[in-house]
file protein.txt (compact mmCIF, C-alpha atoms and all ligand atoms)
# COMPACT_ATOMS: atom_id res chain seq x y z
CA MET T 60 42.86 -52.37 -11.01
CA LEU T 61 46.24 -53.90 -10.35
CA ASN T 62 47.08 -57.58 -10.56
CA GLU T 63 46.17 -58.39 -6.96
CA LYS T 64 48.13 -61.63 -6.90
CA ASN T 65 51.36 -59.88 -7.79
CA VAL T 66 50.66 -57.01 -5.41
CA GLN T 67 50.32 -59.56 -2.60
CA LEU T 68 53.51 -61.34 -3.67
CA GLY T 69 55.32 -58.03 -3.54
CA LYS T 70 53.96 -57.07 -0.15
CA VAL T 71 54.34 -60.31 1.74
CA ARG T 72 57.97 -61.03 2.40
CA SER T 73 58.94 -64.71 2.60
CA SER T 74 59.34 -65.79 6.21
CA ILE T 75 63.03 -66.50 5.47
CA ARG T 76 63.57 -62.87 4.42
CA GLU T 77 61.50 -61.72 7.40
CA LEU T 78 63.79 -63.61 9.75
CA PHE T 79 66.89 -62.32 8.00
CA GLU T 80 65.64 -58.72 8.43
CA TYR T 81 64.90 -59.43 12.09
CA GLY T 82 68.47 -60.76 12.42
CA LYS T 83 69.90 -57.56 10.94
CA SER T 84 68.07 -55.34 13.44
CA ARG T 85 68.89 -57.67 16.32
CA LYS T 86 72.60 -57.56 15.37
CA ALA T 87 72.46 -53.76 15.44
CA GLU T 88 71.00 -53.96 18.97
CA ILE T 89 73.19 -56.58 20.63
CA GLY T 90 76.22 -56.96 18.35
CA GLU T 91 76.90 -59.05 15.27
CA GLN T 92 78.68 -61.86 17.12
CA ASN T 93 75.77 -62.40 19.51
CA VAL T 94 73.19 -63.32 16.88
CA PHE T 95 73.35 -66.77 15.27
CA ASP T 96 71.70 -66.25 11.93
CA PHE T 97 71.06 -69.55 10.13
CA SER T 98 68.29 -68.09 7.95
CA LEU T 99 69.65 -67.42 4.45
CA GLY T 100 71.28 -69.59 1.79
CA ASN T 101 73.86 -67.03 0.70
CA PRO T 102 77.23 -68.72 0.01
CA SER T 103 79.74 -67.82 2.73
CA VAL T 104 82.89 -68.75 0.81
CA PRO T 105 84.23 -66.39 -1.86
CA ALA T 106 84.16 -67.19 -5.55
CA PRO T 107 87.31 -69.16 -6.51
CA ALA T 108 90.43 -67.23 -7.54
CA GLU T 109 89.93 -68.47 -11.11
CA VAL T 110 86.76 -66.35 -11.33
CA LYS T 111 88.56 -63.09 -10.56
CA GLU T 112 91.48 -63.93 -12.85
CA ALA T 113 89.20 -64.86 -15.73
CA LEU T 114 87.02 -61.76 -15.26
CA LYS T 115 90.05 -59.48 -15.27
CA ASP T 116 91.44 -61.16 -18.36
CA ILE T 117 88.12 -61.03 -20.20
CA ILE T 118 87.62 -57.33 -19.36
CA ASP T 119 91.20 -56.41 -20.25
CA ASN T 120 91.30 -58.32 -23.50
CA THR T 121 87.86 -58.19 -25.08
CA ASP T 122 86.36 -55.42 -27.16
CA PRO T 123 83.90 -53.83 -24.69
CA VAL T 124 81.30 -53.23 -27.37
CA VAL T 125 81.22 -56.95 -28.09
CA LEU T 126 81.65 -58.01 -24.46
CA HIS T 127 78.78 -55.95 -23.08
CA GLY T 128 76.49 -56.27 -26.06
CA TYR T 129 73.43 -58.49 -26.40
CA THR T 130 74.17 -62.12 -27.07
CA SER T 131 71.79 -64.35 -28.99
CA ALA T 132 68.68 -64.98 -26.91
CA GLN T 133 69.60 -68.56 -26.07
CA GLY T 134 73.14 -67.53 -25.14
CA ASP T 135 76.46 -67.20 -26.95
CA PHE T 136 76.96 -70.21 -29.23
CA SER T 137 80.54 -70.91 -28.17
CA VAL T 138 79.52 -70.82 -24.48
CA ARG T 139 76.69 -73.29 -25.06
CA LYS T 140 78.95 -75.53 -27.14
CA THR T 141 81.60 -75.60 -24.42
CA LEU T 142 78.99 -76.46 -21.78
CA ALA T 143 77.32 -79.13 -23.93
CA GLU T 144 80.72 -80.81 -24.50
CA TYR T 145 81.51 -80.67 -20.79
CA ILE T 146 78.15 -82.20 -19.83
CA ASN T 147 78.63 -84.93 -22.46
CA GLU T 148 82.08 -85.77 -21.14
CA ARG T 149 80.87 -85.84 -17.54
CA PHE T 150 77.57 -87.64 -17.93
CA ASP T 151 77.90 -89.54 -21.18
CA THR T 152 75.14 -87.61 -22.92
CA ALA T 153 75.10 -86.37 -26.53
CA LEU T 154 73.86 -82.81 -26.12
CA THR T 155 74.57 -80.08 -28.65
CA ALA T 156 74.81 -76.33 -28.13
CA ASP T 157 71.19 -76.16 -29.27
CA CYS T 158 69.99 -78.18 -26.27
CA LEU T 159 71.22 -75.43 -23.96
CA TYR T 160 69.67 -72.08 -23.09
CA MET T 161 71.64 -69.67 -20.88
CA THR T 162 69.64 -68.11 -18.03
CA CYS T 163 69.80 -65.72 -15.10
CA GLY T 164 70.27 -68.58 -12.59
CA ALA T 165 68.07 -71.45 -11.44
CA ALA T 166 65.07 -69.25 -10.64
CA ALA T 167 64.97 -68.10 -14.28
CA SER T 168 65.68 -71.64 -15.51
CA LEU T 169 62.64 -72.82 -13.58
CA THR T 170 60.25 -70.03 -14.54
CA ILE T 171 61.21 -70.37 -18.21
CA THR T 172 60.89 -74.16 -18.18
CA LEU T 173 57.54 -74.11 -16.40
CA ASN T 174 56.20 -71.45 -18.75
CA ALA T 175 57.43 -73.48 -21.71
CA ILE T 176 55.56 -76.65 -20.79
CA LEU T 177 52.53 -75.72 -18.69
CA ASN T 178 49.01 -74.96 -19.84
CA ALA T 179 46.33 -73.66 -17.50
CA GLY T 180 45.37 -76.28 -14.92
CA ASP T 181 48.39 -78.55 -15.45
CA GLU T 182 49.80 -80.10 -12.31
CA VAL T 183 53.42 -80.14 -11.19
CA ILE T 184 54.32 -82.67 -8.52
CA THR T 185 57.12 -81.83 -6.16
CA ILE T 186 58.52 -83.63 -3.15
CA ALA T 187 58.34 -82.06 0.30
CA PRO T 188 60.36 -80.55 1.74
CA TYR T 189 60.85 -78.24 -1.23
CA PHE T 190 61.99 -74.72 -2.17
CA PRO T 191 58.93 -72.50 -1.47
CA GLU T 192 59.33 -70.45 -4.67
CA TYR T 193 58.23 -73.53 -6.65
CA LYS T 194 54.64 -72.65 -5.78
CA VAL T 195 55.05 -69.05 -6.95
CA PHE T 196 56.79 -70.10 -10.18
CA THR T 197 54.28 -72.87 -10.99
CA GLU T 198 51.20 -70.79 -10.30
CA HIS T 199 52.53 -67.88 -12.29
CA ALA T 200 52.93 -70.25 -15.25
CA GLY T 201 49.26 -71.26 -14.88
CA GLY T 202 49.89 -74.57 -13.16
CA LYS T 203 49.10 -76.08 -9.80
CA LEU T 204 51.81 -77.32 -7.47
CA ILE T 205 51.04 -80.72 -5.97
CA GLU T 206 53.03 -81.40 -2.87
CA VAL T 207 53.98 -85.00 -2.12
CA LYS T 208 55.56 -85.91 1.19
CA GLY T 209 59.04 -87.42 1.21
CA LYS T 210 59.74 -90.49 3.36
CA LYS T 211 59.31 -89.87 7.06
CA GLY T 212 62.59 -89.26 8.84
CA THR T 213 64.89 -89.54 5.78
CA PHE T 214 63.02 -87.34 3.26
CA ALA T 215 63.99 -89.72 0.47
CA ILE T 216 61.47 -90.04 -2.41
CA ASP T 217 58.36 -91.96 -1.38
CA ILE T 218 57.36 -93.74 -4.58
CA GLN T 219 53.93 -94.74 -3.27
CA ASN T 220 53.14 -91.11 -2.53
CA ILE T 221 54.22 -90.16 -6.04
CA GLU T 222 52.03 -92.89 -7.55
CA ALA T 223 49.06 -91.68 -5.53
CA ALA T 224 49.55 -88.09 -6.73
CA LEU T 225 49.76 -88.82 -10.48
CA THR T 226 46.66 -87.74 -12.42
CA PRO T 227 45.81 -87.11 -16.08
CA CYS T 228 46.69 -83.43 -15.35
CA THR T 229 50.24 -84.23 -14.19
CA LYS T 230 52.53 -82.40 -16.59
CA ALA T 231 55.77 -82.51 -14.66
CA VAL T 232 57.59 -83.81 -11.63
CA LEU T 233 60.03 -81.29 -10.20
CA ILE T 234 62.88 -82.58 -8.06
CA ASN T 235 65.77 -80.88 -6.28
CA SER T 236 68.80 -82.86 -5.16
CA PRO T 237 70.92 -82.06 -3.18
CA ASN T 238 67.85 -80.66 -1.55
CA ASN T 239 67.02 -77.30 -0.10
CA PRO T 240 66.01 -77.43 2.78
CA SER T 241 67.01 -80.95 3.88
CA GLY T 242 70.46 -81.41 2.30
CA VAL T 243 69.31 -84.90 1.29
CA VAL T 244 70.67 -86.37 -1.95
CA TYR T 245 68.31 -88.69 -3.86
CA GLY T 246 70.18 -91.90 -4.62
CA GLU T 247 70.02 -93.95 -7.80
CA ALA T 248 67.35 -96.30 -6.44
CA ASP T 249 65.13 -93.29 -5.69
CA ILE T 250 65.52 -91.95 -9.22
CA ILE T 251 64.93 -95.35 -10.83
CA GLY T 252 61.78 -95.81 -8.72
CA LEU T 253 60.52 -92.34 -9.58
CA VAL T 254 61.17 -92.79 -13.29
CA LYS T 255 59.38 -96.16 -13.28
CA ALA T 256 56.35 -94.66 -11.55
CA ILE T 257 56.00 -91.80 -14.03
CA SER T 258 56.82 -93.96 -17.07
CA ASP T 259 54.26 -96.61 -16.05
CA TYR T 260 51.61 -93.98 -15.44
CA SER T 261 52.17 -92.06 -18.65
CA GLN T 262 52.25 -95.25 -20.73
CA LYS T 263 49.04 -96.55 -19.17
CA HIS T 264 47.19 -93.25 -19.52
CA GLY T 265 48.75 -91.94 -22.72
CA THR T 266 50.06 -88.77 -21.07
CA GLU T 267 53.41 -86.98 -21.28
CA ILE T 268 55.18 -86.18 -18.03
CA TYR T 269 58.36 -84.10 -17.85
CA LEU T 270 60.97 -84.66 -15.19
CA ILE T 271 62.58 -81.36 -14.20
CA SER T 272 65.71 -81.41 -12.09
CA ASP T 273 66.54 -78.19 -10.24
CA GLU T 274 70.30 -78.39 -9.68
CA PRO T 275 71.86 -75.34 -8.03
CA TYR T 276 73.53 -77.64 -5.48
CA ARG T 277 74.81 -80.43 -7.77
CA GLU T 278 78.47 -79.63 -7.03
CA LEU T 279 77.94 -79.27 -3.28
CA VAL T 280 78.34 -82.86 -2.07
CA PHE T 281 80.77 -83.65 0.68
CA ASP T 282 81.65 -87.31 0.58
CA GLY T 283 83.36 -88.90 -2.42
CA GLY T 284 80.89 -91.78 -2.41
CA THR T 285 77.81 -89.56 -2.77
CA LYS T 286 76.61 -89.62 -6.36
CA VAL T 287 73.94 -87.30 -7.72
CA PRO T 288 72.36 -89.25 -10.61
CA TYR T 289 72.05 -87.29 -13.85
CA ILE T 290 68.39 -87.55 -14.78
CA MET T 291 68.98 -87.52 -18.54
CA ASN T 292 70.56 -90.95 -18.14
CA TYR T 293 67.37 -92.34 -16.60
CA TYR T 294 64.49 -90.56 -18.32
CA ASP T 295 64.20 -89.14 -21.82
CA ARG T 296 61.53 -86.52 -21.19
CA SER T 297 63.82 -84.59 -18.85
CA ILE T 298 65.08 -81.04 -18.41
CA VAL T 299 67.93 -79.84 -16.16
CA CYS T 300 67.74 -76.39 -14.55
CA TYR T 301 71.29 -75.52 -13.54
CA SER T 302 72.85 -72.53 -11.80
CA TYR T 303 76.30 -71.26 -10.79
CA SER T 304 74.92 -69.24 -7.85
CA LYS T 305 76.13 -71.70 -5.22
CA SER T 306 78.84 -73.73 -6.98
CA LEU T 307 80.84 -70.58 -7.85
CA SER T 308 79.45 -68.34 -5.06
CA LEU T 309 77.97 -65.95 -7.62
CA PRO T 310 74.30 -65.61 -6.59
CA GLY T 311 74.16 -61.89 -7.31
CA GLU T 312 75.48 -62.25 -10.84
CA ARG T 313 72.57 -64.38 -12.13
CA ILE T 314 73.94 -67.05 -14.41
CA GLY T 315 72.85 -70.62 -15.15
CA TYR T 316 71.31 -72.66 -17.95
CA ILE T 317 68.52 -74.96 -19.03
CA ALA T 318 69.51 -78.25 -20.71
CA VAL T 319 66.80 -80.00 -22.73
CA ASN T 320 67.39 -83.73 -23.17
CA ASN T 321 67.69 -84.44 -26.90
CA LYS T 322 66.69 -88.06 -26.35
CA MET T 323 63.13 -86.85 -25.75
CA PRO T 324 60.77 -87.21 -28.70
CA GLY T 325 60.07 -83.74 -30.14
CA TRP T 326 62.80 -82.12 -28.04
CA GLU T 327 63.26 -79.35 -30.62
CA GLU T 328 59.70 -78.19 -29.95
CA VAL T 329 60.36 -78.20 -26.22
CA TYR T 330 63.53 -76.17 -26.80
CA ALA T 331 61.53 -73.74 -28.96
CA GLY T 332 59.06 -73.45 -26.07
CA VAL T 333 61.97 -72.60 -23.76
CA CYS T 334 63.18 -69.91 -26.16
CA GLY T 335 59.62 -68.57 -26.48
CA ALA T 336 59.05 -68.50 -22.72
CA GLY T 337 62.37 -66.71 -22.18
CA ARG T 338 61.29 -64.17 -24.77
CA ALA T 339 57.81 -63.71 -23.33
CA LEU T 340 59.21 -63.28 -19.82
CA GLY T 341 61.49 -60.55 -21.15
CA TYR T 342 64.85 -62.07 -20.31
CA VAL T 343 66.38 -61.02 -23.67
CA CYS T 344 69.65 -62.84 -22.86
CA ALA T 345 71.65 -63.96 -19.83
CA PRO T 346 74.39 -61.55 -18.61
CA ALA T 347 76.97 -61.44 -21.41
CA LEU T 348 80.08 -60.98 -19.25
CA PHE T 349 79.14 -63.90 -17.03
CA GLN T 350 78.41 -66.13 -20.00
CA GLN T 351 82.02 -65.50 -21.07
CA LEU T 352 83.20 -66.18 -17.55
CA ILE T 353 81.41 -69.54 -17.43
CA LYS T 354 83.08 -70.53 -20.71
CA ARG T 355 86.40 -70.30 -18.84
CA VAL T 356 85.49 -71.71 -15.41
CA TYR T 357 82.75 -74.24 -16.21
CA ASN T 358 84.62 -76.99 -14.36
CA VAL T 359 85.63 -75.03 -11.24
CA THR T 360 83.85 -75.10 -7.86
CA SER T 361 84.26 -72.87 -4.79
CA ASP T 362 86.16 -74.35 -1.85
CA ILE T 363 83.34 -76.27 -0.18
CA SER T 364 85.52 -77.67 2.60
CA VAL T 365 84.15 -75.01 4.98
CA TYR T 366 80.60 -76.25 4.37
CA LYS T 367 81.69 -79.81 5.07
CA ARG T 368 83.46 -78.73 8.25
CA ASN T 369 80.36 -76.82 9.39
CA ARG T 370 78.13 -79.76 8.60
CA ASP T 371 80.31 -82.22 10.51
CA ARG T 372 80.60 -79.94 13.53
CA LEU T 373 76.88 -79.15 13.72
CA LEU T 374 75.78 -82.72 13.05
CA ALA T 375 77.98 -84.07 15.85
CA ALA T 376 77.14 -81.34 18.37
CA LEU T 377 73.39 -81.23 17.79
CA THR T 378 73.12 -85.01 17.94
CA GLU T 379 75.05 -84.95 21.21
CA TYR T 380 72.63 -82.36 22.64
CA GLY T 381 69.70 -84.66 21.82
CA TYR T 382 68.44 -83.19 18.53
CA GLU T 383 67.25 -85.49 15.76
CA VAL T 384 68.99 -84.39 12.57
CA VAL T 385 68.33 -85.56 9.01
CA ARG T 386 71.82 -86.36 7.69
CA PRO T 387 72.66 -83.87 4.94
CA ASP T 388 74.94 -85.23 2.20
CA GLY T 389 74.95 -82.03 0.18
CA ALA T 390 73.94 -78.36 -0.25
CA PHE T 391 74.49 -76.27 2.88
CA TYR T 392 71.27 -76.88 4.77
CA MET T 393 70.37 -79.10 7.68
CA PHE T 394 66.88 -80.18 8.70
CA VAL T 395 66.46 -80.63 12.43
CA LYS T 396 63.41 -82.02 14.21
CA ALA T 397 61.78 -79.37 16.38
CA LEU T 398 61.65 -80.21 20.06
CA GLU T 399 57.92 -79.53 20.17
CA PRO T 400 55.22 -80.44 17.62
CA ASP T 401 54.82 -76.90 16.29
CA ALA T 402 58.07 -75.92 14.54
CA LYS T 403 57.00 -72.28 14.37
CA LEU T 404 56.74 -72.12 18.16
CA PHE T 405 60.10 -73.90 18.40
CA ALA T 406 61.69 -71.36 16.04
CA GLU T 407 60.19 -68.55 18.16
CA ARG T 408 61.68 -70.08 21.30
CA ALA T 409 65.05 -70.44 19.52
CA LYS T 410 65.01 -66.67 18.95
CA LYS T 411 65.23 -66.19 22.74
CA TYR T 412 68.63 -67.89 22.45
CA GLU T 413 69.46 -65.65 19.47
CA LEU T 414 69.24 -68.65 17.12
CA LEU T 415 67.52 -67.79 13.84
CA LEU T 416 66.06 -70.97 12.37
CA VAL T 417 63.39 -71.27 9.66
CA ALA T 418 60.31 -73.40 10.41
CA GLY T 419 59.91 -76.32 8.01
CA ASP T 420 56.23 -75.45 7.45
CA ASP T 421 57.41 -73.04 4.76
CA PHE T 422 58.99 -75.96 2.89
CA GLY T 423 55.97 -78.25 3.19
CA ALA T 424 57.38 -80.25 6.10
CA GLU T 425 55.93 -79.51 9.51
CA GLY T 426 57.78 -80.33 12.72
CA TYR T 427 61.28 -79.42 11.44
CA VAL T 428 63.46 -76.35 11.22
CA ARG T 429 66.04 -75.52 8.57
CA LEU T 430 69.53 -74.32 9.39
CA SER T 431 71.57 -72.72 6.60
CA TYR T 432 75.12 -73.49 7.65
CA CYS T 433 76.77 -71.39 4.95
CA VAL T 434 78.19 -69.28 7.78
CA SER T 435 81.60 -68.85 9.37
CA PRO T 436 82.96 -71.76 11.44
CA GLN T 437 83.41 -69.20 14.26
CA MET T 438 79.69 -68.53 14.30
CA ILE T 439 79.01 -72.25 14.49
CA GLU T 440 81.29 -72.53 17.55
CA LEU T 441 79.72 -69.50 19.24
CA SER T 442 76.22 -70.83 18.56
CA LEU T 443 76.71 -74.26 20.12
CA PRO T 444 76.05 -73.22 23.76
CA ALA T 445 72.80 -71.62 22.55
CA PHE T 446 71.72 -74.86 20.85
CA LYS T 447 72.54 -76.74 24.04
CA ALA T 448 70.63 -74.28 26.22
CA LEU T 449 67.64 -74.48 23.86
CA ALA T 450 67.63 -78.29 24.07
CA ASP T 451 68.04 -78.17 27.86
CA SER T 452 65.11 -75.78 28.15
CA TYR T 453 62.87 -78.63 26.97
CA LYS T 454 64.29 -81.03 29.55
CA ASN T 455 63.47 -78.88 32.59
C1 LIG J 501 66.35 -75.26 -4.58
C2 LIG J 501 66.63 -73.94 -5.18
N1 LIG J 501 66.26 -73.71 -6.44
C3 LIG J 501 66.49 -72.53 -7.04
C4 LIG J 501 67.11 -71.51 -6.36
C5 LIG J 501 67.37 -70.21 -7.07
O1 LIG J 501 68.74 -70.11 -7.29
P1 LIG J 501 69.39 -69.03 -8.29
O2 LIG J 501 70.15 -68.07 -7.45
O3 LIG J 501 70.30 -69.81 -9.16
O4 LIG J 501 68.28 -68.41 -9.04
C6 LIG J 501 67.52 -71.69 -5.04
C7 LIG J 501 68.16 -70.60 -4.29
O5 LIG J 501 68.42 -70.66 -3.13
C8 LIG J 501 67.26 -72.94 -4.43
O6 LIG J 501 67.62 -73.19 -3.17
call {"tool": "encode", "arguments": {"input": "protein.txt", "output": "structure tokens"}}
result
Amino acid sequence: MLNEKNVQLGKVRSSIRELFEYGKSRKAEIGEQNVFDFSLGNPSVPAPAEVKEALKDIIDNTDPVVLHGYTSAQGDFSVRKTLAEYINERFDTALTADCLYMTCGAAASLTITLNAILNAGDEVITIAPYFPEYKVFTEHAGGKLIEVKGKKGTFAIDIQNIEAALTPCTKAVLINSPNNPSGVVYGEADIIGLVKAISDYSQKHGTEIYLISDEPYRELVFDGGTKVPYIMNYYDRSIVCYSYSKSLSLPGERIGYIAVNNKMPGWEEVYAGVCGAGRALGYVCAPALFQQLIKRVYNVTSDISVYKRNRDRLLAALTEYGYEVVRPDGAFYMFVKALEPDAKLFAERAKKYELLLVAGDDFGAEGYVRLSYCVSPQMIELSLPAFKALADSYKN
């Protein structure tokens, strides 16, 4: 007999993918420019020029046997050292190369981290709305995902909801800021409140709770004043799951890292658990060529001005048409209140206007839809009459 759970996972496409596939067939029917596909979070700006230059140089000037060979399981030492020094300079930490573990992107960073720390029955709290794969990753590692609602309307962290969800089985709190799907950035007060809640609880009950920060969107913030607090500066028992998929527009190349906070008591054991989980999951090592690339372009980000332009245009237009929009300060997603209680029905109605929006139910937040605005500014312009017509259809 097969592993039924995995068979089901393989058969049932996520509703985001489902919508994307629908969009592809609809485009074939009525023309690419007539379908407004806001379903997927695939970066729409190319990787920066520095990426191509560095790749060419690395390929032209490195012994291919070395370049394409296995690296050490945790990643090439000089790559990890460079990244640790960069993180220290940026965030005033004191990490060493041995706090870092190179991965195949944030998804791998998360599965490895969760497998490193979870035992059967452990609970992982996350804040809705959240990335739906968290449930898959947590359950596969033997844990249980506990969904806690964010604050109504703003989707900031609701500390009281966190406090109510903490139990002796809580092993970790998993946060994602800038957030997919809301684009919300958790401010310093949010992080301080969260850290106090979990510290108070663990001290009172003698438990250990990890704070995991999923950070594929850290570099995607649009306004100079928006700060994304670095959790290691607030909480010792913390782990950062980072990825270059979005910041360098390299989602197909699979490169990122895990950083284990060396201020945490027994951090070496946690790091060993990370190495063990990576081994057990069969990752062997992160892509060698892209490790070398990251060593050269660790401080470069794609041109995110298009995302900012798209955000500003959509935010202004949708608000004008009467939509209630949660202001996104980062990532490339926007959460919009559905114009009827059932967001799935709203998303179905939007399809009649060729607007492909994902219902928030999939992210643990009913009554909203997600728009991925990592699309061309032209598509945004062409889509605006459809958004207006959709809103007007509820007024008649
Ligand atoms: C919140 C969040 N976490 C993790 C991932 C996985 O990213 P990666 O491509 O780095 O595996 C994504 C991808 O969209 C995401 O939105």
call {"tool": "axis_aligned_box", "arguments": {"input": "protein.txt", "around": "ligand LIG 501 (chain J)", "padding_each_side": "8 Å", "output": "AutoDock Vina command-line options"}}
result
--center_x 68.3 --center_y -71.7 --center_z -6.1 --size_x 20.0 --size_y 23.2 --size_z 22.0
call {"tool": "closest_atom_pairs", "arguments": {"input": "protein.txt", "of": "chain T", "to": "ligand LIG 501 (chain J)", "cutoff": "10 Å", "atoms": "all atoms listed in the file", "output": "CSV"}}
result
residue,atom,partner,partner_atom,distance
T:Leu99,CA,J:LIG501,O5,8.3
T:Gly100,CA,J:LIG501,O5,5.8
T:Asn101,CA,J:LIG501,O5,7.6
T:Pro102,CA,J:LIG501,O5,9.6
T:Thr162,CA,J:LIG501,O3,9.1
T:Cys163,CA,J:LIG501,O4,6.8
T:Gly164,CA,J:LIG501,O3,3.6
T:Ala165,CA,J:LIG501,O3,3.6
T:Ala166,CA,J:LIG501,O4,3.7
T:Ala167,CA,J:LIG501,O4,6.2
T:Ser168,CA,J:LIG501,O4,7.7
T:Leu169,CA,J:LIG501,C3,7.6
T:Thr170,CA,J:LIG501,O4,9.9
T:Tyr189,CA,J:LIG501,C1,7.1
T:Phe190,CA,J:LIG501,C1,5.0
T:Pro191,CA,J:LIG501,C1,8.5
T:Glu192,CA,J:LIG501,C3,7.8
T:Tyr193,CA,J:LIG501,N1,8.0
T:Ile234,CA,J:LIG501,C1,8.8
T:Asn235,CA,J:LIG501,C1,5.9
T:Ser236,CA,J:LIG501,C1,8.0
T:Pro237,CA,J:LIG501,C1,8.3
T:Asn238,CA,J:LIG501,C1,6.4
T:Asn239,CA,J:LIG501,C1,5.0
T:Pro240,CA,J:LIG501,O6,7.5
T:Ser272,CA,J:LIG501,N1,9.6
T:Asp273,CA,J:LIG501,N1,5.9
T:Glu274,CA,J:LIG501,N1,7.0
T:Pro275,CA,J:LIG501,O3,5.9
T:Tyr276,CA,J:LIG501,C1,7.6
T:Cys300,CA,J:LIG501,C3,8.5
T:Tyr301,CA,J:LIG501,O3,7.3
T:Ser302,CA,J:LIG501,O3,4.6
T:Tyr303,CA,J:LIG501,O3,6.4
T:Ser304,CA,J:LIG501,O3,4.8
T:Lys305,CA,J:LIG501,O3,7.3
T:Ser306,CA,J:LIG501,O3,9.6
T:Ser308,CA,J:LIG501,O2,9.6
T:Leu309,CA,J:LIG501,O2,8.1
T:Pro310,CA,J:LIG501,O2,4.9
T:Gly311,CA,J:LIG501,O2,7.4
T:Glu312,CA,J:LIG501,O2,8.6
T:Arg313,CA,J:LIG501,O2,6.4
T:Ile314,CA,J:LIG501,O3,7.0
T:Gly315,CA,J:LIG501,O3,6.6
T:Tyr316,CA,J:LIG501,O3,9.3
T:Ala390,CA,J:LIG501,O6,8.7
T:Phe391,CA,J:LIG501,O6,9.7
T:Tyr392,CA,J:LIG501,O6,9.5
call {"tool": "closest_residue", "arguments": {"input": "protein.txt", "among": "T:Gln351, T:Gln67, T:Thr266, T:Thr197", "to": "Asn120 (chain T)", "atoms": "all atoms listed in the file"}}
result
T:Gln351
call {"tool": "residues_around", "arguments": {"input": "protein.txt", "residues": "region 334-344 of chain T", "least_positions_apart": "4", "cutoff": "6 Å", "atoms": "all atoms listed in the file", "output": "list in words"}}
result
Ala132, Ile171, Asn174 and Ala175 of chain T
call {"tool": "atom_distance", "arguments": {"input": "protein.txt", "atom1": "CA of Phe281 (chain T)", "atom2": "CA of Val94 (chain T)"}}
result
27.1 Å
call {"tool": "closest_residue", "arguments": {"input": "protein.txt", "among": "T:Ile257, T:Leu61, T:Leu404, T:Ile317", "to": "Ile218 (chain T)", "atoms": "only C-alpha atoms"}}
result
T:Ile257
call {"tool": "atom_distance", "arguments": {"input": "protein.txt", "atom1": "CA of Ile75 (chain T)", "atom2": "CA of Asn369 (chain T)"}}
result
20.5 Å
call {"tool": "residues_around", "arguments": {"input": "protein.txt", "residues": "region 374-385 of chain T", "least_positions_apart": "4", "cutoff": "10 Å", "atoms": "only C-alpha atoms", "output": "list in words"}}
result
Gly212, Thr213, Phe214, Ser241, Gly242, Val243, Arg368, Asn369, Arg370, Met393, Phe394, Val395, Lys396, Ala397, Leu398, Tyr427, Val428, Glu440, Leu443, Pro444, Phe446, Lys447, Ala448, Leu449, Ala450 and Asp451 of chain T
call {"tool": "residues_around", "arguments": {"input": "protein.txt", "residues": "Tyr289 (chain T)", "least_positions_apart": "4", "cutoff": "9 Å", "atoms": "all atoms listed in the file", "output": "VMD selection string"}}
result
chain T and resid 150 272 293 299
call {"tool": "atom_distance", "arguments": {"input": "protein.txt", "atom1": "CA of Met291 (chain T)", "atom2": "CA of Ile146 (chain T)"}}
result
10.7 Å
call {"tool": "closest_residue", "arguments": {"input": "protein.txt", "among": "T:Leu352, T:Asn220, T:Lys403, T:Tyr269", "to": "Pro324 (chain T)", "atoms": "only C-alpha atoms"}}
result
T:Tyr269
call {"tool": "residues_around", "arguments": {"input": "protein.txt", "residues": "Asp282 (chain T)", "least_positions_apart": "2", "cutoff": "12 Å", "atoms": "all atoms listed in the file", "output": "list in words"}}
result
Val244, Glu278, Leu279, Val280, Gly284, Thr285, Lys286, Val287, Ile363, Ser364, Tyr366, Lys367, Arg368, Arg370, Asp371, Pro387, Asp388, Gly389 and Ala390 of chain T
call {"tool": "residues_around", "arguments": {"input": "protein.txt", "residues": "Asp96 (chain T)", "least_positions_apart": "2", "cutoff": "12 Å", "atoms": "only C-alpha atoms", "output": "ChimeraX atom specification"}}
result
/T:75-76,78-86,91-94,98-101,406,409-410,412-417,429-435,438-439,441-442,445
call {"tool": "decode", "arguments": {"input": "protein.txt", "residues": "region 93-99 of chain T", "atoms": "N, CA and C atoms", "output": "PDB file, in the first residue's frame"}}
result
ATOM      1  N   ASN T  93      -6.114  39.472 -22.604  1.00  0.00           N
ATOM      2  CA  ASN T  93      -7.494  39.624 -22.112  1.00  0.00           C
ATOM      3  C   ASN T  93      -7.746  38.896 -20.795  1.00  0.00           C
ATOM      4  N   VAL T  94      -6.711  38.250 -20.274  1.00  0.00           N
ATOM      5  CA  VAL T  94      -6.865  37.541 -18.996  1.00  0.00           C
ATOM      6  C   VAL T  94      -5.957  38.223 -17.974  1.00  0.00           C
ATOM      7  N   PHE T  95      -6.527  38.549 -16.810  1.00  0.00           N
ATOM      8  CA  PHE T  95      -5.763  39.300 -15.800  1.00  0.00           C
ATOM      9  C   PHE T  95      -5.423  38.341 -14.663  1.00  0.00           C
ATOM     10  N   ASP T  96      -4.280  37.715 -14.830  1.00  0.00           N
ATOM     11  CA  ASP T  96      -3.900  36.622 -13.933  1.00  0.00           C
ATOM     12  C   ASP T  96      -3.088  37.156 -12.752  1.00  0.00           C
ATOM     13  N   PHE T  97      -3.736  37.223 -11.588  1.00  0.00           N
ATOM     14  CA  PHE T  97      -3.074  37.685 -10.364  1.00  0.00           C
ATOM     15  C   PHE T  97      -2.852  36.497  -9.414  1.00  0.00           C
ATOM     16  N   SER T  98      -2.708  35.282  -9.990  1.00  0.00           N
ATOM     17  CA  SER T  98      -2.713  34.096  -9.124  1.00  0.00           C
ATOM     18  C   SER T  98      -1.353  33.749  -8.506  1.00  0.00           C
ATOM     19  N   LEU T  99      -0.289  33.809  -9.285  1.00  0.00           N
ATOM     20  CA  LEU T  99       0.987  33.232  -8.817  1.00  0.00           C
ATOM     21  C   LEU T  99       2.004  34.264  -8.320  1.00  0.00           C
TER      22      LEU T  99
END
